[in-house]
>>> print(open('coords-v5.cif').read())   # mmCIF, C-alpha atoms
data_start
loop_
_atom_site.label_atom_id
_atom_site.label_comp_id
_atom_site.auth_asym_id
_atom_site.auth_seq_id
_atom_site.Cartn_x
_atom_site.Cartn_y
_atom_site.Cartn_z
CA MET J 1 0.00 0.00 0.00
CA ALA J 2 1.29 3.44 -0.87
CA ASN J 3 2.15 5.94 1.81
CA SER J 4 -0.47 8.58 2.49
CA GLN J 5 0.00 12.02 0.98
CA TYR J 6 0.78 13.51 4.40
CA SER J 7 3.44 10.95 5.30
CA ASP J 8 6.30 13.43 4.89
CA LEU J 9 5.14 15.08 8.13
CA TYR J 10 6.08 12.08 10.23
CA LYS J 11 8.19 9.56 8.34
CA ASN J 12 11.59 11.17 9.01
CA ARG J 13 11.26 11.01 12.75
CA ASN J 14 14.97 11.42 13.47
CA SER J 15 15.70 14.33 11.15
CA THR J 16 17.03 17.54 12.66
CA GLU J 17 14.28 19.62 11.09
CA LEU J 18 11.57 17.37 12.51
CA MET J 19 12.97 17.40 16.04
CA GLU J 20 13.38 21.17 16.06
CA ARG J 21 9.76 21.83 15.21
CA LYS J 22 7.40 21.97 18.16
CA GLN J 23 5.19 18.92 18.48
CA SER J 24 2.12 21.14 18.75
CA ASP J 25 2.86 22.79 15.39
CA ARG J 26 3.34 19.47 13.65
CA ARG J 27 0.20 18.07 15.24
CA GLN J 28 -1.90 20.96 14.01
CA GLN J 29 -0.48 20.75 10.51
CA LEU J 30 -1.06 17.00 10.34
CA LEU J 31 -4.62 17.34 11.64
CA THR J 32 -5.33 19.94 8.96
CA GLU J 33 -3.96 17.65 6.26
CA GLN J 34 -6.03 14.72 7.50
CA LYS J 35 -9.23 16.76 7.64
CA GLU J 36 -8.67 17.88 4.06
CA HIS J 37 -8.34 14.26 3.01
CA ARG J 38 -11.60 13.39 4.73
CA SER J 39 -13.48 16.29 3.18
CA ASN J 40 -12.14 15.48 -0.28
CA ASP J 41 -12.73 11.75 0.21
CA GLN J 42 -9.12 11.09 -0.79
CA ASP J 43 -6.72 8.79 0.98
CA ASP J 44 -4.00 6.29 0.21
CA THR J 45 -6.64 3.53 0.25
CA ARG J 46 -8.90 4.93 -2.48
CA ASN J 47 -8.04 1.81 -4.54
CA ILE J 48 -9.17 -0.34 -1.62
CA LYS J 49 -10.73 -3.12 -3.69
CA GLN J 50 -7.55 -3.66 -5.68
CA PHE J 51 -5.45 -3.62 -2.51
CA LEU J 52 -7.63 -6.16 -0.71
CA GLN J 53 -7.70 -8.48 -3.72
CA SER J 54 -3.91 -8.32 -3.93
CA LEU J 55 -3.58 -8.90 -0.19
CA GLN J 56 -5.91 -11.91 -0.17
CA HIS J 57 -3.79 -13.43 -2.94
CA LYS J 58 -0.42 -12.74 -1.31
CA VAL J 59 -1.17 -13.95 2.22
CA ASN J 60 -1.56 -17.50 0.91
CA LYS J 61 1.88 -17.61 -0.75
CA LYS J 62 4.80 -18.71 1.45
CA PRO J 63 4.03 -16.32 4.35
CA LYS J 64 7.28 -17.15 6.15
CA LYS J 65 9.26 -15.50 3.35
CA GLN J 66 7.15 -12.37 3.02
CA ARG J 67 7.04 -9.06 4.85
CA LEU J 68 3.63 -7.86 3.77
CA PHE J 69 3.19 -5.56 6.74
CA LYS J 70 6.65 -4.06 7.14
CA ASN J 71 6.40 -0.40 8.30
CA TYR J 72 2.62 -0.85 8.49
CA VAL J 73 1.77 -0.14 12.13
CA GLN J 74 1.26 3.33 13.56
CA LEU J 75 4.10 4.33 15.89
CA SER J 76 4.29 7.02 18.55
CA GLU J 77 6.64 9.85 19.43
CA TRP J 78 7.71 10.76 22.93
CA LEU J 79 5.19 13.14 24.43
CA HIS J 80 7.66 15.92 25.26
CA GLU J 81 5.10 18.47 26.40
CA LYS J 82 1.53 18.69 27.66
CA PRO J 83 -0.81 19.37 24.71
CA ASP J 84 -2.79 22.58 25.00
CA ASP J 85 -5.90 20.59 24.04
CA LEU J 86 -5.34 17.64 26.40
CA ASP J 87 -9.12 17.17 26.72
CA GLN J 88 -9.06 16.18 23.03
CA TRP J 89 -6.87 13.14 23.68
CA PHE J 90 -7.35 9.54 24.77
CA MET J 91 -5.03 7.73 27.17
CA VAL J 92 -4.51 4.03 26.41
CA PRO J 93 -2.64 1.74 28.86
CA CYS J 94 -0.42 -0.70 26.97
CA PRO J 95 0.51 -4.19 28.23
CA LYS J 96 3.97 -5.69 28.12
CA GLY J 97 3.92 -7.91 25.08
CA MET J 98 4.75 -8.11 21.40
CA ARG J 99 3.18 -5.55 19.07
CA CYS J 100 1.70 -7.36 16.10
CA VAL J 101 -0.72 -7.21 13.17
CA ALA J 102 -3.61 -9.70 12.97
CA VAL J 103 -4.92 -10.33 9.45
CA ALA J 104 -8.08 -12.39 8.90
CA THR J 105 -8.79 -13.25 5.27
CA ASN J 106 -9.44 -16.27 3.04
CA GLY J 107 -10.65 -18.34 5.96
CA ALA J 108 -7.59 -17.97 8.20
CA THR J 109 -6.05 -15.52 10.68
CA LYS J 110 -2.33 -14.77 10.39
CA ILE J 111 -0.16 -12.88 12.86
CA TYR J 112 2.78 -10.69 11.76
CA SER J 113 5.21 -8.78 13.95
CA LYS J 114 5.22 -4.99 13.68
CA TYR J 115 8.26 -5.44 11.40
CA GLY J 116 6.26 -7.58 9.00
CA VAL J 117 7.68 -10.98 10.04
CA TYR J 118 5.18 -13.83 9.78
CA ILE J 119 4.61 -15.40 13.21
CA THR J 120 1.76 -17.91 13.14
CA GLU J 121 -1.67 -18.86 11.78
CA PHE J 122 -4.87 -20.04 13.48
CA ARG J 123 -8.68 -19.90 13.30
CA SER J 124 -10.64 -16.98 14.76
CA GLY J 125 -14.12 -15.55 14.72
CA LEU J 126 -12.96 -12.38 12.96
CA PRO J 127 -14.62 -11.44 9.67
CA GLY J 128 -12.41 -12.90 6.96
CA ASP J 129 -11.83 -16.15 8.85
CA ILE J 130 -14.78 -18.26 9.98
CA LYS J 131 -17.14 -15.44 9.01
CA LEU J 132 -17.15 -13.68 5.61
CA LYS J 133 -14.17 -15.68 4.36
CA HIS J 134 -13.65 -13.46 1.32
CA ALA J 135 -13.48 -10.30 3.42
CA THR J 136 -10.41 -8.89 5.18
CA THR J 137 -9.97 -7.63 8.74
CA ILE J 138 -6.68 -6.10 9.94
CA LEU J 139 -6.11 -5.28 13.61
CA ASP J 140 -3.24 -3.62 15.50
CA CYS J 141 -2.66 -5.73 18.61
CA PHE J 142 -0.43 -6.74 21.48
CA SER J 143 0.28 -10.43 21.87
CA VAL J 144 0.50 -11.22 25.59
CA THR J 145 0.97 -14.53 27.41
CA SER J 146 -0.53 -15.36 30.78
CA ASP J 147 -0.18 -18.79 32.41
CA GLY J 148 1.00 -20.16 29.09
CA ILE J 149 -2.07 -18.88 27.24
CA THR J 150 -1.68 -16.29 24.48
CA LYS J 151 -4.18 -13.47 24.19
CA TYR J 152 -4.47 -10.67 21.64
CA MET J 153 -5.26 -7.30 23.14
CA VAL J 154 -6.55 -5.06 20.35
CA LEU J 155 -5.15 -1.53 20.26
CA ASP J 156 -6.66 -0.30 16.97
CA VAL J 157 -8.37 -1.34 13.76
CA MET J 158 -7.26 -0.69 10.18
CA PHE J 159 -9.80 -2.71 8.20
CA TYR J 160 -12.94 -4.47 9.33
CA ALA J 161 -14.77 -6.83 6.97
CA ASN J 162 -13.39 -4.93 3.96
CA THR J 163 -14.36 -1.58 5.49
CA GLU J 164 -11.38 0.76 5.47
CA MET J 165 -10.92 2.44 8.85
CA LEU J 166 -7.55 4.16 8.35
CA ASN J 167 -9.07 7.52 7.55
CA CYS J 168 -11.57 7.45 10.41
CA GLU J 169 -10.90 9.44 13.57
CA SER J 170 -9.44 7.48 16.47
CA SER J 171 -12.54 8.25 18.56
CA PHE J 172 -14.65 6.37 16.02
CA ARG J 173 -12.16 3.52 15.50
CA PHE J 174 -11.85 2.79 19.23
CA PHE J 175 -15.61 2.67 19.83
CA TRP J 176 -16.18 0.65 16.65
CA ILE J 177 -13.73 -2.17 17.35
CA ALA J 178 -14.73 -2.42 21.03
CA CYS J 179 -18.38 -2.86 20.01
CA LYS J 180 -17.62 -5.35 17.24
CA LEU J 181 -15.39 -7.56 19.42
CA SER J 182 -18.07 -7.56 22.11
CA GLU J 183 -20.80 -8.47 19.62
CA LEU J 184 -18.79 -11.43 18.33
CA GLN J 185 -17.75 -12.48 21.87
CA LEU J 186 -14.17 -12.89 20.71
CA ASP J 187 -12.86 -12.73 24.25
CA GLU J 188 -14.05 -16.33 24.58
CA ILE J 189 -11.94 -19.24 23.31
CA GLY J 190 -13.82 -21.84 21.30
CA PHE J 191 -13.59 -24.28 18.41
CA HIS J 192 -13.78 -21.46 15.85
CA ASN J 193 -11.85 -18.93 17.94
CA GLU J 194 -8.58 -20.45 19.16
CA PHE J 195 -7.27 -17.30 20.90
CA ALA J 196 -9.07 -14.51 22.71
CA PHE J 197 -9.26 -11.04 21.13
CA MET J 198 -10.16 -8.25 23.54
CA PRO J 199 -10.08 -4.46 23.19
CA ILE J 200 -7.74 -2.38 25.32
CA LYS J 201 -9.64 0.19 27.35
CA PHE J 202 -9.16 3.85 26.44
CA VAL J 203 -9.71 6.81 28.73
CA ASP J 204 -10.86 10.32 27.83
CA CYS J 205 -8.18 12.71 29.10
CA GLY J 206 -10.91 15.32 29.53
CA ASP J 207 -12.51 13.16 32.24
CA GLU J 208 -10.34 13.69 35.33
CA VAL J 209 -12.23 11.10 37.36
CA ALA J 210 -11.70 8.42 34.69
CA VAL J 211 -8.01 9.31 34.34
CA ASP J 212 -7.45 9.13 38.12
CA SER J 213 -9.34 5.86 38.30
CA CYS J 214 -7.20 4.35 35.55
CA LEU J 215 -3.85 5.47 36.94
CA THR J 216 -4.66 4.39 40.49
CA THR J 217 -5.85 0.92 39.45
CA TYR J 218 -3.36 -1.85 40.15
CA PRO J 219 -3.05 -4.24 38.53
CA MET J 220 -4.25 -2.49 35.39
CA TRP J 221 -6.08 -5.61 34.16
CA ASP J 222 -8.02 -8.33 35.96
CA ASP J 223 -5.34 -10.80 34.92
CA GLU J 224 -2.48 -10.09 37.32
CA ASN J 225 -0.01 -11.71 34.93
CA ILE J 226 -0.52 -8.94 32.38
CA HIS J 227 1.63 -5.96 33.31
CA LEU J 228 1.57 -2.31 32.27
CA ASP J 229 4.43 -1.24 29.99
CA GLY J 230 3.47 2.38 29.36
CA LEU J 231 0.79 4.76 28.12
CA LEU J 232 -0.13 5.83 24.61
CA PHE J 233 -1.96 9.10 23.98
CA PHE J 234 -4.09 9.46 20.83
CA HIS J 235 -5.57 12.68 19.52
CA LYS J 236 -9.30 12.06 19.12
CA GLU J 237 -9.34 13.39 15.55
CA SER J 238 -6.26 11.55 14.28
CA SER J 239 -6.31 9.09 11.38
CA TYR J 240 -4.34 5.84 11.42
CA VAL J 241 -1.05 6.40 9.59
CA HIS J 242 1.69 3.95 8.65
CA GLY J 243 4.73 5.14 10.57
CA THR J 244 5.52 7.59 13.33
CA THR J 245 3.12 10.44 14.00
CA PRO J 246 3.05 13.32 16.54
CA LEU J 247 -0.67 12.64 16.99
CA VAL J 248 0.21 9.58 19.06
CA GLY J 249 2.45 10.12 22.10
CA TRP J 250 4.17 7.72 24.48
CA LEU J 251 5.06 8.04 28.16
CA PHE J 252 6.09 5.57 30.81
CA SER J 253 3.82 5.69 33.83
CA PHE J 254 6.45 7.33 36.04
CA MET J 255 6.58 10.31 33.63
CA VAL J 256 2.90 11.31 33.47
CA ASN J 257 2.99 13.46 36.59
CA GLU J 258 5.93 15.52 35.33
CA ILE J 259 4.71 15.93 31.74
CA LEU J 260 0.93 16.05 32.13
CA GLY J 261 0.40 16.93 35.78
CA PHE J 262 -1.60 13.78 36.59
CA CYS J 263 -0.94 13.41 40.32
CA MET J 264 -3.01 10.32 41.12
CA ILE J 265 -0.71 7.42 40.26
CA HIS J 266 -0.48 4.07 42.02
CA PRO J 267 2.89 3.67 43.80
CA LYS J 268 3.49 0.34 42.05
CA TYR J 269 3.77 2.11 38.68
CA LEU J 270 6.29 4.55 40.08
CA GLU J 271 8.51 1.63 41.07
CA GLN J 272 9.45 1.25 37.40
CA ARG J 273 11.34 4.53 37.63
CA PRO J 274 15.12 3.95 37.44
CA ALA J 275 17.13 4.68 40.56
CA ASN J 276 19.17 7.33 38.72
CA TYR J 277 16.11 9.04 37.19
CA GLN J 278 16.30 12.84 37.38
CA ASN J 279 13.73 14.20 34.92
CA ALA J 280 11.81 13.21 31.80
CA ALA J 281 13.90 15.27 29.36
CA GLU J 282 17.17 13.72 30.49
CA TYR J 283 15.68 10.23 30.60
CA ILE J 284 14.35 10.56 27.03
CA ARG J 285 17.71 11.86 25.80
CA ASP J 286 19.59 8.96 27.42
CA PHE J 287 17.00 6.45 26.26
CA ASP J 288 17.24 7.60 22.63
CA LYS J 289 21.03 7.68 22.83
CA GLN J 290 21.06 4.10 24.10
CA LEU J 291 18.59 3.06 21.41
CA LYS J 292 20.69 4.62 18.66
CA ALA J 293 23.90 3.01 19.96
CA SER J 294 22.29 -0.40 20.24
CA LYS J 295 20.90 -0.15 16.73
CA ALA J 296 24.33 0.72 15.39
CA ARG J 297 25.94 -2.25 17.18
CA ASN J 298 23.31 -4.67 15.98
CA ARG J 299 22.71 -3.40 12.45
CA ASN J 300 24.90 -5.93 10.68
CA LYS J 301 23.83 -8.73 13.00
CA ARG J 302 20.17 -7.87 12.47
CA GLY J 303 20.56 -7.79 8.71
CA ASP J 304 22.29 -11.15 8.67
CA LYS J 305 19.71 -12.73 10.96
CA VAL J 306 16.71 -11.40 9.05
CA GLN J 307 18.19 -12.41 5.71
CA LYS J 308 18.94 -15.88 7.01
CA MET J 309 15.43 -16.23 8.40
CA GLU J 310 13.91 -15.16 5.09
CA GLU J 311 16.11 -17.49 3.03
CA GLU J 312 15.78 -20.60 5.18
CA ASP J 313 12.96 -22.96 4.33
CA MET J 314 12.23 -24.84 7.56
CA ASP J 315 9.92 -27.84 7.57
CA ASP J 316 9.24 -27.76 11.29
CA GLU J 317 6.64 -25.04 11.95
CA ASN J 318 7.40 -24.94 15.68
CA ALA J 319 11.10 -24.48 14.99
CA THR J 320 10.24 -21.67 12.59
CA LEU J 321 8.07 -19.93 15.18
CA ASN J 322 10.72 -20.22 17.90
CA SER J 323 13.44 -18.97 15.56
CA ILE J 324 11.42 -15.93 14.58
CA LEU J 325 10.40 -15.07 18.13
CA ASN J 326 13.96 -15.44 19.42
CA ALA J 327 15.29 -13.22 16.64
CA GLU J 328 12.57 -10.64 17.37
CA ARG J 329 13.43 -10.55 21.06
CA MET J 330 17.19 -10.47 20.54
CA LEU J 331 17.53 -8.04 17.67
CA GLU J 332 14.61 -5.62 17.63
CA LEU J 333 15.28 -3.17 20.44
CA GLU J 334 12.25 -1.05 19.62
CA GLY J 335 10.04 -3.91 20.71
CA ARG J 336 11.62 -4.20 24.15
CA THR J 337 9.89 -3.17 27.33
CA VAL J 338 11.01 -0.52 29.75
CA ASP J 339 12.52 -3.17 32.07
CA ASP J 340 14.69 -4.56 29.26
CA VAL J 341 15.98 -1.14 28.28
CA HIS J 342 16.69 -0.15 31.89
CA GLU J 343 18.79 -3.29 32.32
CA THR J 344 20.80 -2.43 29.19
CA MET J 345 21.24 1.20 30.25
CA GLU J 346 22.49 0.12 33.67
CA ARG J 347 25.00 -2.32 32.17
CA ASP J 348 26.37 0.34 29.82
#
>>> encode(input="coords-v5.cif", output="structure tokens")
Amino acid sequence: MANSQYSDLYKNRNSTELMERKQSDRRQQLLTEQKEHRSNDQDDTRNIKQFLQSLQHKVNKKPKKQRLFKNYVQLSEWLHEKPDDLDQWFMVPCPKGMRCVAVATNGATKIYSKYGVYITEFRSGLPGDIKLKHATTILDCFSVTSDGITKYMVLDVMFYANTEMLNCESSFRFFWIACKLSELQLDEIGFHNEFAFMPIKFVDCGDEVAVDSCLTTYPMWDDENIHLDGLLFFHKESSYVHGTTPLVGWLFSFMVNEILGFCMIHPKYLEQRPANYQNAAEYIRDFDKQLKASKARNRNKRGDKVQKMEEEDMDDENATLNSILNAERMLELEGRTVDDVHETMERD
């Protein structure tokens, strides 16, 4: 799928020009661009039928060697400053797990990592699998494991039963997918739904009571084996874009008081704060520096590993899955949790 016409506003996330511009200015410009696309009924998915037909054909051809969804998920920026329109944002608690793309089409559901690596295939009740087999549903999820059982916690929706959702506002997408998953009862495991799909709760930042309730709830989910990694913040009017966007911000829980002024935070979440933590700005600078250094050290290794994985033709599906997951964990620093990065920063 082609990049959207406003992709230049977010795709070069590390460029000097991008970093020097205030987040608020870039947000406003991107919102204006997206609104113009909606009013003109133009988007990068205007040839949606052709795209879906091509996708349905490709997902059945040697998935282990393809990267159909590379650079496909929407990624966040650090939330450096409190938005002036904070009441126009949602806060979404994110679990520790692997970010992935779930694709249901042609009577099967396939899981890809956020880097486009094929992970596994199973049956689900999503439209495109057991229902409406010739349709396509694409979800942005976290894969989490509790007591040896894998669950898919749905962050966002891109397509639902051939309905394109990319150009819809996040406020609509979040309500839509939560309702649809509830209607289909996909949180229940059954013969035609091998793994549970459940929406991640989102909180209106304009509702102080709801925000306080969320941040003071521990554990965040009923399942105590699912742990909070951090918080995503979505502008209510933002579209879903492929790549990094200033309309989605990220903070670890121990940073929300300093950046946003949310004072009601459960002490357990503050325990994630490193012992040498001084302030958010310094932490972000050190974090990004560590990330850049680790990427540089692992670039050749990563390239060799990925190439080897793509070229090898393994017969044992379990061996393939383990190989891919191990490579993902070892080489893709961006997918690591705050605990992993803290350990690396302390060692260095």
>>> closest_residue(input="coords-v5.cif", among="J:Thr150, J:Thr163, J:Gln88, J:Asn193", to="Ile130 (chain J)", atoms="all atoms listed in the file")
J:Asn193
>>> closest_residue(input="coords-v5.cif", among="J:Leu247, J:Leu132, J:Ala275, J:Ile111", to="Gln23 (chain J)", atoms="only C-alpha atoms")
J:Leu247
>>> resolve_selection(input="coords-v5.cif", expression="the PyMOL selection byres ((chain J and resi 197-214) around 6)", output="list of chain:residue names")
J:Asp87, J:Trp89, J:Phe90, J:Met91, J:Val92, J:Tyr152, J:Met153, J:Val154, J:Leu155, J:Ala178, J:Leu186, J:Asp187, J:Ala196, J:Leu215, J:Thr216, J:Thr217, J:Met264
>>> closest_residue(input="coords-v5.cif", among="J:Thr105, J:Asn257, J:Thr136, J:Asn276", to="Phe122 (chain J)", atoms="only C-alpha atoms")
J:Thr105
>>> residues_around(input="coords-v5.cif", residues="region 113-120 of chain J", least_positions_apart="2", cutoff="6 Å", atoms="all atoms listed in the file", output="ChimeraX atom specification")
/J:64,67-70,99-100,110-111
>>> residues_around(input="coords-v5.cif", residues="Ser124 (chain J)", least_positions_apart="6", cutoff="8 Å", atoms="all atoms listed in the file", output="list in words")
Ala104, Ala108, Thr109, Ile130, His192, Asn193, Glu194 and Phe195 of chain J
>>> residues_around(input="coords-v5.cif", residues="Gln34 (chain J)", least_positions_apart="3", cutoff="8 Å", atoms="all atoms listed in the file", output="list in words")
Tyr6, Leu30, Leu31, His37, Arg38, Asn167, Ser238 and Ser239 of chain J
>>> residues_around(input="coords-v5.cif", residues="Glu258 (chain J)", least_positions_apart="2", cutoff="12 Å", atoms="all atoms listed in the file", output="count of residues only")
21
>>> closest_residue(input="coords-v5.cif", among="J:Cys168, J:Met98, J:Ala161, J:Val144", to="Gly128 (chain J)", atoms="all atoms listed in the file")
J:Ala161
>>> resolve_selection(input="coords-v5.cif", expression="the PyMOL selection byres ((chain J and resi 241) around 8)", output="number ranges by chain")
J: 4, 7, 73-74, 166, 239-240, 242-245
>>> resolve_selection(input="coords-v5.cif", expression="the PyMOL selection byres ((chain J and resi 97) around 10)", output="short mmCIF file (atom, residue, chain, number, x, y, z; two decimals) with C-alpha atoms, in the coordinates of the input")
data_model
loop_
_atom_site.label_atom_id
_atom_site.label_comp_id
_atom_site.auth_asym_id
_atom_site.auth_seq_id
_atom_site.Cartn_x
_atom_site.Cartn_y
_atom_site.Cartn_z
CA CYS J 94 -0.42 -0.70 26.97
CA PRO J 95 0.51 -4.19 28.23
CA LYS J 96 3.97 -5.69 28.12
CA MET J 98 4.75 -8.11 21.40
CA ARG J 99 3.18 -5.55 19.07
CA CYS J 100 1.70 -7.36 16.10
CA CYS J 141 -2.66 -5.73 18.61
CA PHE J 142 -0.43 -6.74 21.48
CA SER J 143 0.28 -10.43 21.87
CA VAL J 144 0.50 -11.22 25.59
CA THR J 145 0.97 -14.53 27.41
CA LYS J 151 -4.18 -13.47 24.19
CA TYR J 152 -4.47 -10.67 21.64
CA MET J 153 -5.26 -7.30 23.14
CA ILE J 226 -0.52 -8.94 32.38
CA HIS J 227 1.63 -5.96 33.31
CA LEU J 228 1.57 -2.31 32.27
CA ASP J 229 4.43 -1.24 29.99
CA GLY J 335 10.04 -3.91 20.71
CA ARG J 336 11.62 -4.20 24.15
CA THR J 337 9.89 -3.17 27.33
#
>>> atom_distance(input="coords-v5.cif", atom1="CA of Glu164 (chain J)", atom2="CA of Glu77 (chain J)")
24.5 Å
>>> closest_residue(input="coords-v5.cif", among="J:Arg27, J:Lys236, J:Arg297, J:Lys289", to="Ser171 (chain J)", atoms="only C-alpha atoms")
J:Lys236
>>> closest_residue(input="coords-v5.cif", among="J:Glu169, J:Glu271, J:Asp140, J:Asp84", to="His235 (chain J)", atoms="only C-alpha atoms")
J:Glu169
>>> atom_distance(input="coords-v5.cif", atom1="CA of Ala102 (chain J)", atom2="CA of Leu139 (chain J)")
5.1 Å
>>> atom_distance(input="coords-v5.cif", atom1="CA of Leu184 (chain J)", atom2="CA of Ser146 (chain J)")
22.4 Å
